[in-house]
file coords-v2.txt (compact mmCIF, C-alpha atoms and all ligand atoms)
# COMPACT_ATOMS: atom_id res chain seq x y z
CA MET B 277 -100.38 -111.64 -157.04
CA SER B 278 -100.91 -112.65 -160.65
CA THR B 279 -98.64 -115.56 -161.44
CA ASP B 280 -98.84 -115.35 -165.21
CA HIS B 281 -96.78 -112.16 -165.43
CA ARG B 282 -93.14 -111.38 -164.72
CA LEU B 283 -91.39 -108.12 -163.86
CA THR B 284 -88.19 -107.68 -165.85
CA HIS B 285 -85.84 -104.76 -165.28
CA TYR B 286 -83.83 -103.23 -168.12
CA LEU B 287 -80.67 -101.75 -166.67
CA VAL B 288 -77.79 -99.47 -167.54
CA THR B 289 -74.82 -98.43 -165.41
CA ASP B 290 -74.39 -94.66 -165.53
CA LEU B 291 -71.21 -92.58 -165.50
CA GLY B 292 -71.24 -92.60 -161.70
CA ALA B 293 -71.49 -96.43 -161.68
CA ILE B 294 -75.03 -96.44 -160.38
CA THR B 295 -77.12 -99.09 -162.13
CA ARG B 296 -80.51 -97.64 -163.00
CA GLY B 297 -83.34 -98.71 -165.25
CA ARG B 298 -86.99 -99.54 -165.76
CA GLY B 299 -89.15 -102.53 -164.93
CA GLN B 300 -91.50 -104.00 -167.52
CA TRP B 301 -94.49 -106.13 -166.59
CA ALA B 302 -94.98 -108.83 -169.20
CA ALA B 303 -96.76 -112.12 -169.63
CA LYS B 304 -94.68 -115.17 -168.78
CA GLY B 305 -93.12 -116.64 -171.88
CA GLU B 306 -93.21 -113.30 -173.67
CA PRO B 307 -89.79 -112.65 -175.24
CA LEU B 308 -87.48 -110.13 -173.63
CA LYS B 309 -88.21 -106.64 -174.91
CA SER B 310 -85.55 -105.42 -177.30
CA GLY B 311 -85.58 -101.96 -175.75
CA VAL B 312 -87.31 -99.51 -173.44
CA GLY B 313 -87.38 -95.72 -173.32
CA TRP B 314 -84.74 -93.73 -171.42
CA VAL B 315 -83.58 -90.15 -170.90
CA PRO B 316 -80.08 -88.94 -171.90
CA ILE B 317 -79.65 -86.70 -168.85
CA ASN B 318 -79.89 -89.80 -166.63
CA GLN B 319 -76.27 -90.53 -167.59
CA VAL B 320 -75.08 -87.53 -165.57
CA ILE B 321 -77.23 -87.81 -162.45
CA SER B 322 -74.83 -87.75 -159.52
CA PRO B 323 -74.71 -90.67 -157.05
CA PHE B 324 -76.54 -88.29 -154.69
CA ASP B 325 -79.40 -88.00 -157.21
CA THR B 326 -78.69 -84.40 -158.12
CA ILE B 327 -78.37 -83.02 -161.65
CA PRO B 328 -75.83 -80.43 -162.83
CA ALA B 329 -77.74 -77.13 -162.94
CA VAL B 330 -76.29 -76.19 -166.31
CA ASN B 331 -76.41 -79.08 -168.80
CA PRO B 332 -77.05 -79.49 -172.53
CA TRP B 333 -80.39 -81.30 -172.20
CA GLY B 334 -82.62 -79.59 -169.68
CA SER B 335 -86.03 -81.22 -169.81
CA HIS B 336 -85.49 -82.34 -173.40
CA GLY B 337 -84.28 -85.56 -174.96
CA ASP B 338 -85.14 -89.21 -175.44
CA CYS B 339 -83.11 -92.33 -176.03
CA ARG B 340 -83.49 -96.08 -175.63
CA LEU B 341 -82.08 -98.83 -173.47
CA ARG B 342 -81.21 -101.54 -175.99
CA THR B 343 -81.35 -104.95 -174.36
CA ASP B 344 -78.43 -107.35 -174.51
CA ALA B 345 -80.42 -110.58 -174.20
CA ASP B 346 -77.26 -112.56 -173.40
CA THR B 347 -77.02 -110.79 -170.05
CA LEU B 348 -80.45 -111.85 -168.77
CA VAL B 349 -80.35 -112.77 -165.08
CA ASP B 350 -83.29 -114.68 -163.63
CA VAL B 351 -82.68 -115.84 -160.08
CA THR B 352 -84.67 -116.01 -156.87
CA LEU B 353 -83.26 -114.71 -153.59
CA PRO B 354 -83.26 -117.26 -150.72
CA ASP B 355 -86.62 -116.01 -149.37
CA GLY B 356 -87.86 -114.45 -152.63
CA PRO B 357 -88.25 -112.12 -154.49
CA ASP B 358 -87.15 -112.85 -158.04
CA LEU B 359 -84.37 -110.79 -159.54
CA ARG B 360 -85.00 -110.71 -163.27
CA PHE B 361 -83.01 -108.16 -165.21
CA ALA B 362 -81.01 -107.64 -168.38
CA LEU B 363 -78.18 -105.22 -169.06
CA CYS B 364 -78.53 -102.70 -171.87
CA ASP B 365 -76.60 -100.31 -174.07
CA ILE B 366 -77.99 -96.85 -174.63
CA SER B 367 -79.00 -96.03 -178.19
CA ASP B 368 -80.54 -92.99 -179.83
CA LEU B 369 -84.01 -93.23 -181.30
CA THR B 370 -82.64 -94.59 -184.60
CA GLY B 371 -81.02 -97.50 -182.74
CA ALA B 372 -77.43 -96.22 -183.11
CA ASP B 373 -75.14 -96.26 -180.04
CA LEU B 374 -75.61 -93.15 -177.93
CA ASP B 375 -72.27 -91.33 -177.95
CA MET B 376 -72.17 -91.16 -174.14
CA CYS B 377 -72.92 -94.82 -173.47
CA ALA B 378 -70.09 -96.36 -171.43
CA ARG B 379 -70.91 -99.96 -172.41
CA SER B 380 -70.82 -99.08 -176.11
CA PHE B 381 -67.44 -97.40 -175.53
CA ALA B 382 -66.06 -100.60 -173.98
CA ARG B 383 -67.41 -102.70 -176.85
CA ARG B 384 -65.81 -100.28 -179.33
CA MET B 385 -62.44 -100.60 -177.61
CA VAL B 386 -62.69 -104.40 -177.54
CA ALA B 387 -63.39 -104.29 -181.29
CA GLU B 388 -60.35 -102.03 -181.86
CA LEU B 389 -58.19 -104.48 -180.00
CA GLU B 390 -59.64 -107.37 -181.98
CA ALA B 391 -58.87 -105.52 -185.22
CA GLU B 392 -55.22 -105.87 -184.14
CA GLY B 393 -55.73 -109.61 -183.70
CA LEU B 394 -55.85 -109.33 -179.90
CA ARG B 395 -58.46 -110.43 -177.40
CA LEU B 396 -58.76 -109.08 -173.88
CA PHE B 397 -59.20 -111.70 -171.14
CA SER B 398 -60.08 -110.05 -167.84
CA SER B 399 -61.71 -110.30 -164.46
CA PHE B 400 -62.81 -107.80 -161.81
CA GLU B 401 -61.76 -108.76 -158.27
CA GLN B 402 -63.97 -106.85 -155.85
CA GLU B 403 -63.66 -106.05 -152.17
CA PHE B 404 -66.73 -104.99 -150.22
CA TRP B 405 -68.15 -104.36 -146.75
CA LEU B 406 -70.73 -106.78 -145.45
CA ASP B 407 -72.87 -106.01 -142.41
CA LEU B 408 -75.25 -108.77 -141.45
CA PRO B 409 -77.26 -109.00 -138.23
CA GLY B 410 -76.16 -111.52 -135.63
CA THR B 411 -72.54 -111.89 -136.72
CA GLY B 412 -71.28 -110.73 -133.33
CA ALA B 413 -68.21 -108.76 -132.38
CA ALA B 414 -65.10 -108.08 -134.43
CA THR B 415 -63.36 -111.06 -136.05
CA PRO B 416 -59.73 -111.29 -137.20
CA GLY B 417 -58.72 -110.51 -140.78
CA PHE B 418 -58.89 -113.47 -143.22
CA SER B 419 -60.31 -115.61 -140.40
CA TYR B 420 -62.44 -118.69 -140.76
CA GLN B 421 -64.49 -117.36 -137.83
CA ARG B 422 -65.59 -114.40 -139.88
CA ALA B 423 -66.36 -116.50 -142.94
CA ILE B 424 -68.45 -118.95 -140.91
CA ARG B 425 -70.38 -116.28 -139.03
CA HIS B 426 -71.59 -115.00 -142.38
CA GLU B 427 -73.01 -118.37 -143.41
CA PRO B 428 -75.32 -119.38 -144.96
CA PHE B 429 -75.08 -116.01 -146.70
CA GLY B 430 -71.75 -116.76 -148.38
CA ALA B 431 -72.74 -120.11 -149.88
CA GLN B 432 -76.15 -118.79 -150.95
CA LEU B 433 -74.52 -115.78 -152.59
CA MET B 434 -72.08 -117.93 -154.55
CA ASP B 435 -74.93 -120.21 -155.63
CA LEU B 436 -76.97 -117.26 -156.92
CA LEU B 437 -73.96 -115.77 -158.67
CA GLN B 438 -73.37 -119.11 -160.35
CA GLN B 439 -77.00 -119.21 -161.49
CA ALA B 440 -76.65 -115.64 -162.74
CA GLY B 441 -73.79 -116.72 -165.00
CA VAL B 442 -71.02 -114.64 -163.47
CA ALA B 443 -68.78 -117.66 -162.75
CA PRO B 444 -67.85 -116.90 -159.11
CA GLU B 445 -64.54 -118.28 -157.89
CA MET B 446 -63.68 -117.23 -154.35
CA LEU B 447 -65.35 -115.47 -151.44
CA LEU B 448 -62.95 -114.59 -148.67
CA ALA B 449 -62.85 -112.69 -145.42
CA GLU B 450 -60.49 -109.78 -146.19
CA PHE B 451 -58.16 -107.90 -143.86
CA ALA B 452 -60.38 -105.13 -142.48
CA GLN B 453 -63.34 -105.62 -140.18
CA ASP B 454 -66.51 -106.61 -142.10
CA GLN B 455 -64.53 -106.74 -145.36
CA PHE B 456 -64.90 -109.51 -147.93
CA GLU B 457 -63.57 -110.15 -151.39
CA LEU B 458 -65.24 -111.79 -154.36
CA THR B 459 -63.39 -113.12 -157.38
CA MET B 460 -64.86 -114.37 -160.64
CA GLU B 461 -63.40 -116.36 -163.52
CA PRO B 462 -61.81 -114.31 -166.29
CA SER B 463 -63.71 -113.88 -169.55
CA PHE B 464 -63.22 -112.35 -173.00
CA GLY B 465 -64.53 -108.98 -174.13
CA ILE B 466 -66.79 -106.89 -171.92
CA ALA B 467 -68.26 -109.83 -169.98
CA SER B 468 -66.01 -109.09 -167.00
CA ALA B 469 -67.58 -105.63 -166.63
CA ASP B 470 -71.07 -107.13 -166.97
CA ARG B 471 -70.18 -109.60 -164.24
CA ALA B 472 -68.98 -106.79 -161.98
CA VAL B 473 -72.34 -105.04 -162.35
CA ILE B 474 -74.43 -108.19 -161.91
CA SER B 475 -72.48 -109.45 -158.90
CA ARG B 476 -72.77 -106.12 -157.07
CA GLU B 477 -76.52 -105.91 -157.59
CA ILE B 478 -77.07 -109.47 -156.39
CA THR B 479 -74.78 -109.07 -153.38
CA ARG B 480 -76.46 -105.86 -152.27
CA ALA B 481 -79.95 -107.25 -152.82
CA MET B 482 -79.16 -110.41 -150.86
CA ALA B 483 -77.57 -108.52 -147.97
CA HIS B 484 -80.56 -106.22 -147.77
CA GLN B 485 -82.94 -109.15 -147.79
CA ALA B 486 -80.94 -110.71 -144.94
CA GLY B 487 -81.58 -107.57 -142.88
CA GLY B 488 -78.11 -106.09 -143.44
CA SER B 489 -76.20 -104.29 -146.13
CA ALA B 490 -73.31 -104.75 -148.54
CA SER B 491 -71.33 -101.75 -149.76
CA PHE B 492 -68.65 -101.71 -152.45
CA CYS B 493 -67.56 -98.17 -151.57
CA PRO B 494 -63.77 -97.61 -151.55
CA LEU B 495 -63.54 -96.46 -147.93
CA ARG B 496 -65.83 -96.30 -144.92
CA LEU B 497 -63.56 -94.45 -142.52
CA SER B 498 -60.83 -92.04 -143.56
CA GLY B 499 -57.37 -93.35 -142.75
CA GLY B 500 -58.62 -96.94 -142.81
CA VAL B 501 -58.15 -99.87 -145.15
CA GLY B 502 -59.89 -99.47 -148.48
CA SER B 503 -61.98 -101.73 -150.66
CA GLY B 504 -60.51 -101.88 -154.13
CA VAL B 505 -61.58 -103.28 -157.45
CA HIS B 506 -58.58 -104.94 -159.06
CA ILE B 507 -58.76 -105.67 -162.77
CA HIS B 508 -56.81 -108.72 -163.92
CA LEU B 509 -55.84 -108.52 -167.58
CA SER B 510 -54.16 -110.60 -170.22
CA LEU B 511 -54.08 -110.63 -174.03
CA TRP B 512 -54.75 -113.66 -176.19
CA ASP B 513 -54.81 -114.26 -179.93
CA ARG B 514 -57.82 -115.43 -181.93
CA ASP B 515 -56.64 -119.04 -181.83
CA GLY B 516 -56.68 -119.17 -178.05
CA ASN B 517 -52.97 -118.60 -177.38
CA PRO B 518 -51.88 -116.35 -174.50
CA LEU B 519 -49.63 -113.49 -175.62
CA LEU B 520 -48.50 -111.66 -172.48
CA HIS B 521 -45.86 -114.02 -171.12
CA ASP B 522 -42.22 -114.57 -172.00
CA LEU B 523 -40.02 -116.13 -169.36
CA GLU B 524 -37.00 -114.20 -170.67
CA GLY B 525 -38.77 -110.82 -170.86
CA VAL B 526 -38.74 -108.02 -168.25
CA GLY B 527 -40.96 -109.19 -165.39
CA GLY B 528 -41.88 -112.23 -167.46
CA LEU B 529 -43.63 -110.03 -170.01
CA SER B 530 -43.46 -110.58 -173.76
CA VAL B 531 -42.49 -107.64 -175.98
CA LEU B 532 -46.20 -107.13 -176.68
CA GLY B 533 -46.98 -107.37 -172.96
CA GLN B 534 -44.30 -104.81 -172.10
CA ALA B 535 -45.73 -102.36 -174.64
CA PHE B 536 -49.31 -102.92 -173.41
CA CYS B 537 -48.28 -102.40 -169.77
CA ALA B 538 -46.12 -99.39 -170.61
CA GLY B 539 -49.15 -97.80 -172.27
CA ILE B 540 -51.19 -98.30 -169.12
CA VAL B 541 -48.42 -96.83 -166.96
CA ARG B 542 -48.00 -93.88 -169.34
CA HIS B 543 -51.68 -92.94 -169.02
CA MET B 544 -52.13 -93.72 -165.31
CA PRO B 545 -52.76 -90.18 -164.05
CA ALA B 546 -55.57 -89.68 -166.58
CA LEU B 547 -56.81 -93.26 -166.21
CA CYS B 548 -57.44 -92.56 -162.53
CA ALA B 549 -60.30 -90.22 -163.46
CA LEU B 550 -62.05 -93.16 -165.11
CA THR B 551 -61.03 -95.92 -162.68
CA ALA B 552 -61.17 -94.08 -159.34
CA SER B 553 -63.98 -91.75 -160.30
CA SER B 554 -65.30 -90.25 -157.11
CA VAL B 555 -64.31 -87.84 -154.39
CA VAL B 556 -63.88 -90.68 -151.89
CA SER B 557 -61.66 -92.68 -154.28
CA TYR B 558 -58.70 -90.42 -153.42
CA GLU B 559 -59.05 -91.07 -149.72
CA ARG B 560 -58.26 -94.71 -150.59
CA LEU B 561 -55.37 -94.14 -153.02
CA GLN B 562 -52.78 -93.47 -150.31
CA PRO B 563 -49.30 -94.94 -149.80
CA HIS B 564 -48.76 -97.96 -147.51
CA ARG B 565 -52.31 -99.28 -147.85
CA TRP B 566 -51.78 -101.67 -150.75
CA SER B 567 -54.21 -99.56 -152.70
CA SER B 568 -51.52 -98.05 -155.00
CA ALA B 569 -50.38 -94.43 -155.02
CA PHE B 570 -47.72 -94.06 -157.76
CA THR B 571 -47.58 -94.44 -161.55
CA CYS B 572 -45.58 -97.62 -161.63
CA MET B 573 -45.51 -101.31 -162.46
CA GLY B 574 -44.07 -103.90 -160.08
CA ASP B 575 -43.45 -107.61 -160.06
CA ARG B 576 -45.75 -109.12 -157.41
CA ASN B 577 -45.75 -105.78 -155.55
CA ARG B 578 -49.08 -104.72 -154.03
CA GLU B 579 -47.99 -101.09 -153.75
CA ALA B 580 -47.59 -100.89 -157.52
CA THR B 581 -50.55 -99.62 -159.53
CA LEU B 582 -49.91 -102.29 -162.15
CA ARG B 583 -48.89 -105.56 -160.51
CA ILE B 584 -47.43 -108.48 -162.43
CA CYS B 585 -49.19 -111.42 -160.77
CA PRO B 586 -47.46 -114.65 -159.77
CA VAL B 587 -47.86 -117.92 -161.60
CA VAL B 588 -47.95 -121.23 -159.77
CA GLY B 589 -45.84 -124.13 -160.91
CA SER B 590 -47.72 -126.84 -159.08
CA GLY B 591 -51.02 -126.89 -161.00
CA SER B 592 -51.94 -128.30 -164.36
CA THR B 593 -52.34 -124.91 -166.10
CA PRO B 594 -49.10 -123.87 -167.82
CA PRO B 595 -47.60 -120.54 -166.63
CA GLU B 596 -48.33 -118.65 -169.84
CA ARG B 597 -52.04 -119.44 -169.51
CA GLN B 598 -52.15 -118.17 -165.91
CA PHE B 599 -50.00 -115.11 -166.47
CA ASN B 600 -51.78 -111.77 -166.02
CA VAL B 601 -51.28 -108.25 -164.74
CA GLU B 602 -53.50 -106.50 -162.22
CA TYR B 603 -54.52 -102.83 -162.36
CA ARG B 604 -55.14 -101.74 -158.76
CA ALA B 605 -56.11 -98.05 -158.78
CA ALA B 606 -59.78 -98.81 -159.35
CA ASP B 607 -62.87 -98.95 -157.18
CA ALA B 608 -66.60 -99.51 -157.46
CA THR B 609 -67.48 -95.83 -157.78
CA ALA B 610 -66.03 -96.07 -161.31
CA ASN B 611 -68.12 -97.37 -164.19
CA PRO B 612 -66.70 -100.85 -165.05
CA TYR B 613 -67.12 -100.25 -168.80
CA LEU B 614 -65.18 -96.99 -168.64
CA ILE B 615 -62.48 -98.82 -166.68
CA LEU B 616 -62.21 -101.62 -169.22
CA GLY B 617 -62.39 -99.39 -172.30
CA ALA B 618 -59.86 -96.93 -170.90
CA LEU B 619 -57.37 -99.68 -169.95
CA ILE B 620 -57.60 -101.07 -173.50
CA ALA B 621 -57.13 -97.60 -175.01
CA ALA B 622 -54.06 -96.97 -172.86
CA GLY B 623 -52.58 -100.41 -173.56
CA LEU B 624 -53.21 -100.08 -177.29
CA ASP B 625 -51.41 -96.75 -177.28
CA GLY B 626 -48.39 -98.50 -175.77
CA ILE B 627 -48.54 -101.23 -178.44
CA ARG B 628 -48.92 -98.74 -181.31
CA ALA B 629 -46.05 -96.60 -179.98
CA GLY B 630 -43.87 -99.73 -179.52
CA LEU B 631 -43.10 -98.77 -175.91
CA THR B 632 -40.64 -100.82 -173.90
CA ALA B 633 -41.20 -101.99 -170.33
CA PRO B 634 -41.39 -99.31 -167.64
CA PRO B 635 -38.91 -99.76 -164.76
CA LEU B 636 -39.92 -102.53 -162.38
CA MET B 637 -40.74 -101.09 -158.95
CA ASN B 638 -40.50 -104.06 -156.64
CA VAL B 639 -40.58 -102.23 -153.30
CA ASP B 640 -42.93 -99.63 -151.84
CA PRO B 641 -42.34 -96.54 -154.05
CA SER B 642 -43.15 -94.18 -151.17
CA ASP B 643 -39.92 -95.35 -149.50
CA PHE B 644 -37.94 -93.66 -152.29
CA PRO B 645 -36.96 -89.98 -152.34
CA ALA B 646 -39.00 -87.94 -154.83
CA GLU B 647 -35.94 -87.21 -157.01
CA GLN B 648 -35.22 -90.91 -157.48
CA LEU B 649 -38.80 -91.58 -158.46
CA ALA B 650 -38.80 -88.63 -160.86
CA ALA B 651 -35.59 -89.92 -162.46
CA GLN B 652 -37.49 -93.12 -163.29
CA GLY B 653 -40.50 -91.19 -164.58
CA ILE B 654 -42.63 -92.26 -161.61
CA GLU B 655 -45.06 -89.75 -160.13
CA ARG B 656 -47.68 -89.72 -157.41
CA LEU B 657 -51.15 -90.63 -158.69
CA PRO B 658 -53.58 -87.70 -158.63
CA GLN B 659 -54.59 -86.87 -155.08
CA SER B 660 -58.09 -85.65 -155.77
CA LEU B 661 -60.83 -86.26 -158.29
CA GLY B 662 -60.41 -82.69 -159.55
CA GLU B 663 -56.72 -83.31 -160.25
CA ALA B 664 -57.49 -86.57 -162.04
CA LEU B 665 -60.14 -84.90 -164.21
CA GLY B 666 -57.56 -82.27 -165.20
CA ARG B 667 -55.17 -85.03 -166.26
CA LEU B 668 -57.91 -86.70 -168.29
CA GLU B 669 -58.71 -83.41 -169.98
CA ALA B 670 -55.05 -83.13 -171.00
CA ASP B 671 -54.77 -86.72 -172.30
CA ASP B 672 -55.42 -86.66 -176.06
CA VAL B 673 -55.24 -90.44 -176.46
CA LEU B 674 -57.92 -91.22 -173.87
CA ARG B 675 -60.06 -88.30 -175.02
CA ALA B 676 -59.97 -89.51 -178.61
CA ALA B 677 -60.83 -93.05 -177.54
CA LEU B 678 -63.79 -91.93 -175.43
CA GLY B 679 -65.03 -89.39 -177.98
CA GLU B 680 -65.82 -85.81 -177.06
CA PRO B 681 -69.52 -86.30 -176.13
CA LEU B 682 -68.61 -88.96 -173.57
CA VAL B 683 -65.68 -86.89 -172.22
CA ALA B 684 -67.89 -83.81 -171.92
CA ALA B 685 -70.70 -85.71 -170.17
CA PHE B 686 -68.22 -87.39 -167.81
CA LEU B 687 -66.46 -84.14 -166.86
CA LEU B 688 -69.81 -82.40 -166.34
CA ALA B 689 -71.11 -85.18 -164.08
CA LYS B 690 -67.92 -85.50 -162.08
CA ARG B 691 -67.32 -81.78 -161.54
CA HIS B 692 -70.88 -81.55 -160.30
CA GLU B 693 -70.18 -84.46 -157.92
CA ILE B 694 -67.15 -82.59 -156.55
CA GLU B 695 -69.34 -79.54 -155.88
CA GLU B 696 -71.81 -81.76 -154.06
CA CYS B 697 -69.07 -82.78 -151.61
CA ASP B 698 -67.69 -79.29 -151.18
CA GLY B 699 -66.99 -78.46 -147.54
CA MET B 700 -67.51 -82.02 -146.25
CA ASP B 701 -64.75 -83.57 -144.14
CA ALA B 702 -63.18 -86.88 -145.17
CA ASP B 703 -65.24 -89.06 -142.83
CA ALA B 704 -68.50 -87.45 -143.91
CA VAL B 705 -67.51 -88.06 -147.54
CA CYS B 706 -66.75 -91.73 -146.77
CA GLN B 707 -70.08 -92.20 -145.04
CA ARG B 708 -72.00 -90.49 -147.81
CA TYR B 709 -70.58 -92.80 -150.47
CA ALA B 710 -70.76 -95.88 -148.25
CA ALA B 711 -74.53 -95.52 -148.01
CA ILE B 712 -74.86 -95.50 -151.81
CA TYR B 713 -72.40 -98.02 -153.29
N1 LIG C 801 -57.70 -103.48 -149.78
C1 LIG C 801 -56.64 -103.13 -150.67
C2 LIG C 801 -57.11 -102.03 -151.61
O1 LIG C 801 -57.56 -101.04 -151.18
C3 LIG C 801 -56.11 -104.31 -151.45
C4 LIG C 801 -55.64 -105.46 -150.64
C5 LIG C 801 -55.26 -106.66 -151.48
O2 LIG C 801 -54.21 -106.63 -152.13
O3 LIG C 801 -56.08 -107.56 -151.59
O4 LIG C 801 -57.02 -102.14 -152.80
MG MG C 802 -57.97 -108.21 -151.66

call {"tool": "encode", "arguments": {"input": "coords-v2.txt", "output": "structure tokens", "more": "lines below"}}
Ligand code: GLU
Ligand code: MG
result
Amino acid sequence: MSTDHRLTHYLVTDLGAITRGRGQWAAKGEPLKSGVGWVPINQVISPFDTIPAVNPWGSHGDCRLRTDADTLVDVTLPDGPDLRFALCDISDLTGADLDMCARSFARRMVAELEAEGLRLFSSFEQEFWLDLPGTGAATPGFSYQRAIRHEPFGAQLMDLLQQAGVAPEMLLAEFAQDQFELTMEPSFGIASADRAVISREITRAMAHQAGGSASFCPLRLSGGVGSGVHIHLSLWDRDGNPLLHDLEGVGGLSVLGQAFCAGIVRHMPALCALTASSVVSYERLQPHRWSSAFTCMGDRNREATLRICPVVGSGSTPPERQFNVEYRAADATANPYLILGALIAAGLDGIRAGLTAPPLMNVDPSDFPAEQLAAQGIERLPQSLGEALGRLEADDVLRAALGEPLVAAFLLAKRHEIEECDGMDADAVCQRYAAIY
């Protein structure tokens, strides 16, 4: 093989959270290309690689993947090959943001927040299924046995993630069989979503190279434990001061924090369409599984969709700098940029409307009678993707934030995905998604 050339992939994550792109063969030392050609209809290809029969583009249309050079990843898997890729926005042929680009939407929402003097500090905590050869029979949840049987994979993965700039923090054996969890350091702006994309691609590539597989799908077996993506969020000012915490406030939230969280709770049913975006997502969002199932906020309650996280008093970081809330009704079938942008839009709505804190739900909401929940304004999260899409369609705030072209493309893609799963039973749906994500 010629050694004076490199293959660099230019990548974009589509509305179904599949990262696709094109490889470019270029001489070593040649600067990263600023863009490569792309096709608008690619945004709405389903995870099953089918295209909605009726769509606005047909065989027509051209756009560009515009490289974000700051996201370049250049690492080598333990036994080769190189992974060299950069993340991109989608632009039209004039270079302007394509109106259905999810990453541009997230950047736009970050800018809107910054116009209010606020900066989003966030991190995606991701659970996934890891099947590697030779790891033997079942191992207990959270056990050291499981962690060790997956070495040296775990340490090699963390090393590669570090080299790739995603700032990995923890890799732990989770509760369910073959389940692991990866956490990364929080970051400002859209970097957390970039890190989610990069870490998934590296994890899957490494597992495949090791003769196994890694899947970030929400559920492998219906009725089982799910794999969630939990988004940890806090707001900071431009001078580096945290703004979410007030010891005296409801749940330890400042007035601003209460309004931001109330906005997220207010829009939860519609948010689900963008954060739990697939047919299988709703098999996971069930009561009593710590996945979240109701539109509520709770203080350190893992059944609440928005969880106020604990702070520790023993470390050197003061509580206000640790303080964050965790949005739990998300999974890896949702585009991370849509998740981030939509959470900002919902939170901003709460701030602009001056909302006060929603009631704190500190026990499992499914233990309450429906009337008591209704009296507190708490409802069940949507129970199917179709229901969630209907709620999104009816949510003027989220629609306006996304812009009609992105809403239309998203609804088209997702309704087509529902049709593709029509008639399948829950386990078949789980298996179908597990093989892809
Ligand atoms: N696996 C759970 C989920 O589906 C989350 C468990 C946890 O709190 O880490 O989201
Ligand atoms: Mg977990």

call {"tool": "residues_around", "arguments": {"input": "coords-v2.txt", "residues": "Thr609 (chain B)", "least_positions_apart": "3", "cutoff": "10 Å", "atoms": "all atoms listed in the file", "output": "PyMOL selection string"}}
result
chain B and resi 291-294+323+492-494+504-505+550-557+606+612+709+712-713

call {"tool": "residues_around", "arguments": {"input": "coords-v2.txt", "residues": "Ala362 (chain B)", "least_positions_apart": "5", "cutoff": "7 Å", "atoms": "only C-alpha atoms", "output": "list in words"}}
result
His285, Tyr286, Leu287, Thr343, Asp344, Ala345, Thr347, Leu348 and Val349 of chain B

call {"tool": "write_last_selection", "arguments": {"input": "coords-v2.txt", "atoms": "C-alpha atoms", "output": "short mmCIF file (atom, residue, chain, number, x, y, z; two decimals), keeping the file's coordinate frame"}}
result
data_model
loop_
_atom_site.label_atom_id
_atom_site.label_comp_id
_atom_site.auth_asym_id
_atom_site.auth_seq_id
_atom_site.Cartn_x
_atom_site.Cartn_y
_atom_site.Cartn_z
CA HIS B 285 -85.84 -104.76 -165.28
CA TYR B 286 -83.83 -103.23 -168.12
CA LEU B 287 -80.67 -101.75 -166.67
CA THR B 343 -81.35 -104.95 -174.36
CA ASP B 344 -78.43 -107.35 -174.51
CA ALA B 345 -80.42 -110.58 -174.20
CA THR B 347 -77.02 -110.79 -170.05
CA LEU B 348 -80.45 -111.85 -168.77
CA VAL B 349 -80.35 -112.77 -165.08
#

call {"tool": "closest_atom_pairs", "arguments": {"input": "coords-v2.txt", "of": "chain B", "to": "ligand MG 802 (chain C)", "cutoff": "8 Å", "atoms": "all atoms listed in the file", "output": "Markdown table"}}
result
| residue | atom | partner | partner_atom | distance |
| --- | --- | --- | --- | --- |
| B:Glu401 | CA | C:MG802 | MG | 7.6 |
| B:Gln402 | CA | C:MG802 | MG | 7.4 |
| B:Glu403 | CA | C:MG802 | MG | 6.1 |
| B:Glu450 | CA | C:MG802 | MG | 6.2 |
| B:Phe451 | CA | C:MG802 | MG | 7.8 |
| B:Phe456 | CA | C:MG802 | MG | 8.0 |
| B:Glu457 | CA | C:MG802 | MG | 5.9 |
| B:Ser503 | CA | C:MG802 | MG | 7.7 |
| B:Gly504 | CA | C:MG802 | MG | 7.3 |

call {"tool": "closest_residue", "arguments": {"input": "coords-v2.txt", "among": "B:Leu394, B:Ala449, B:Ala676, B:Cys339", "to": "Ala423 (chain B)", "atoms": "all atoms listed in the file"}}
result
B:Ala449

call {"tool": "residues_around", "arguments": {"input": "coords-v2.txt", "residues": "Arg656 (chain B)", "least_positions_apart": "5", "cutoff": "8 Å", "atoms": "only C-alpha atoms", "output": "ChimeraX atom specification"}}
result
/B:569-571

call {"tool": "closest_residue", "arguments": {"input": "coords-v2.txt", "among": "B:Val531, B:Asp470, B:Ala710, B:Val588", "to": "Asp407 (chain B)", "atoms": "all atoms listed in the file"}}
result
B:Ala710

call {"tool": "residues_near_ligand", "arguments": {"input": "coords-v2.txt", "ligand": "ligand LIG 801 (chain C)", "cutoff": "6 Å", "atoms": "all atoms listed in the file", "output": "ChimeraX atom specification"}}
result
/B:501-504,566-567,578

call {"tool": "atom_distance", "arguments": {"input": "coords-v2.txt", "atom1": "CA of Leu582 (chain B)", "atom2": "CA of Pro635 (chain B)"}}
result
11.6 Å

call {"tool": "closest_residue", "arguments": {"input": "coords-v2.txt", "among": "B:Ala535, B:Val541, B:Cys706, B:Phe429", "to": "Arg496 (chain B)", "atoms": "only C-alpha atoms"}}
result
B:Cys706

call {"tool": "residues_near_point", "arguments": {"input": "coords-v2.txt", "point": "(-68.5, -91.5, -174.2)", "cutoff": "7 Å", "atoms": "all atoms listed in the file", "output": "list in words"}}
result
Asp375, Met376, Cys377, Ala378, Phe381, Leu678, Gly679, Glu680, Pro681, Leu682 and Val683 of chain B

call {"tool": "residues_around", "arguments": {"input": "coords-v2.txt", "residues": "region 312-315 of chain B", "least_positions_apart": "5", "cutoff": "7 Å", "atoms": "only C-alpha atoms", "output": "VMD selection string"}}
result
chain B and resid 337 to 342

call {"tool": "residues_around", "arguments": {"input": "coords-v2.txt", "residues": "Leu616 (chain B)", "least_positions_apart": "2", "cutoff": "8 Å", "atoms": "only C-alpha atoms", "output": "ChimeraX atom specification"}}
result
/B:382,466,469,612-614,618-620
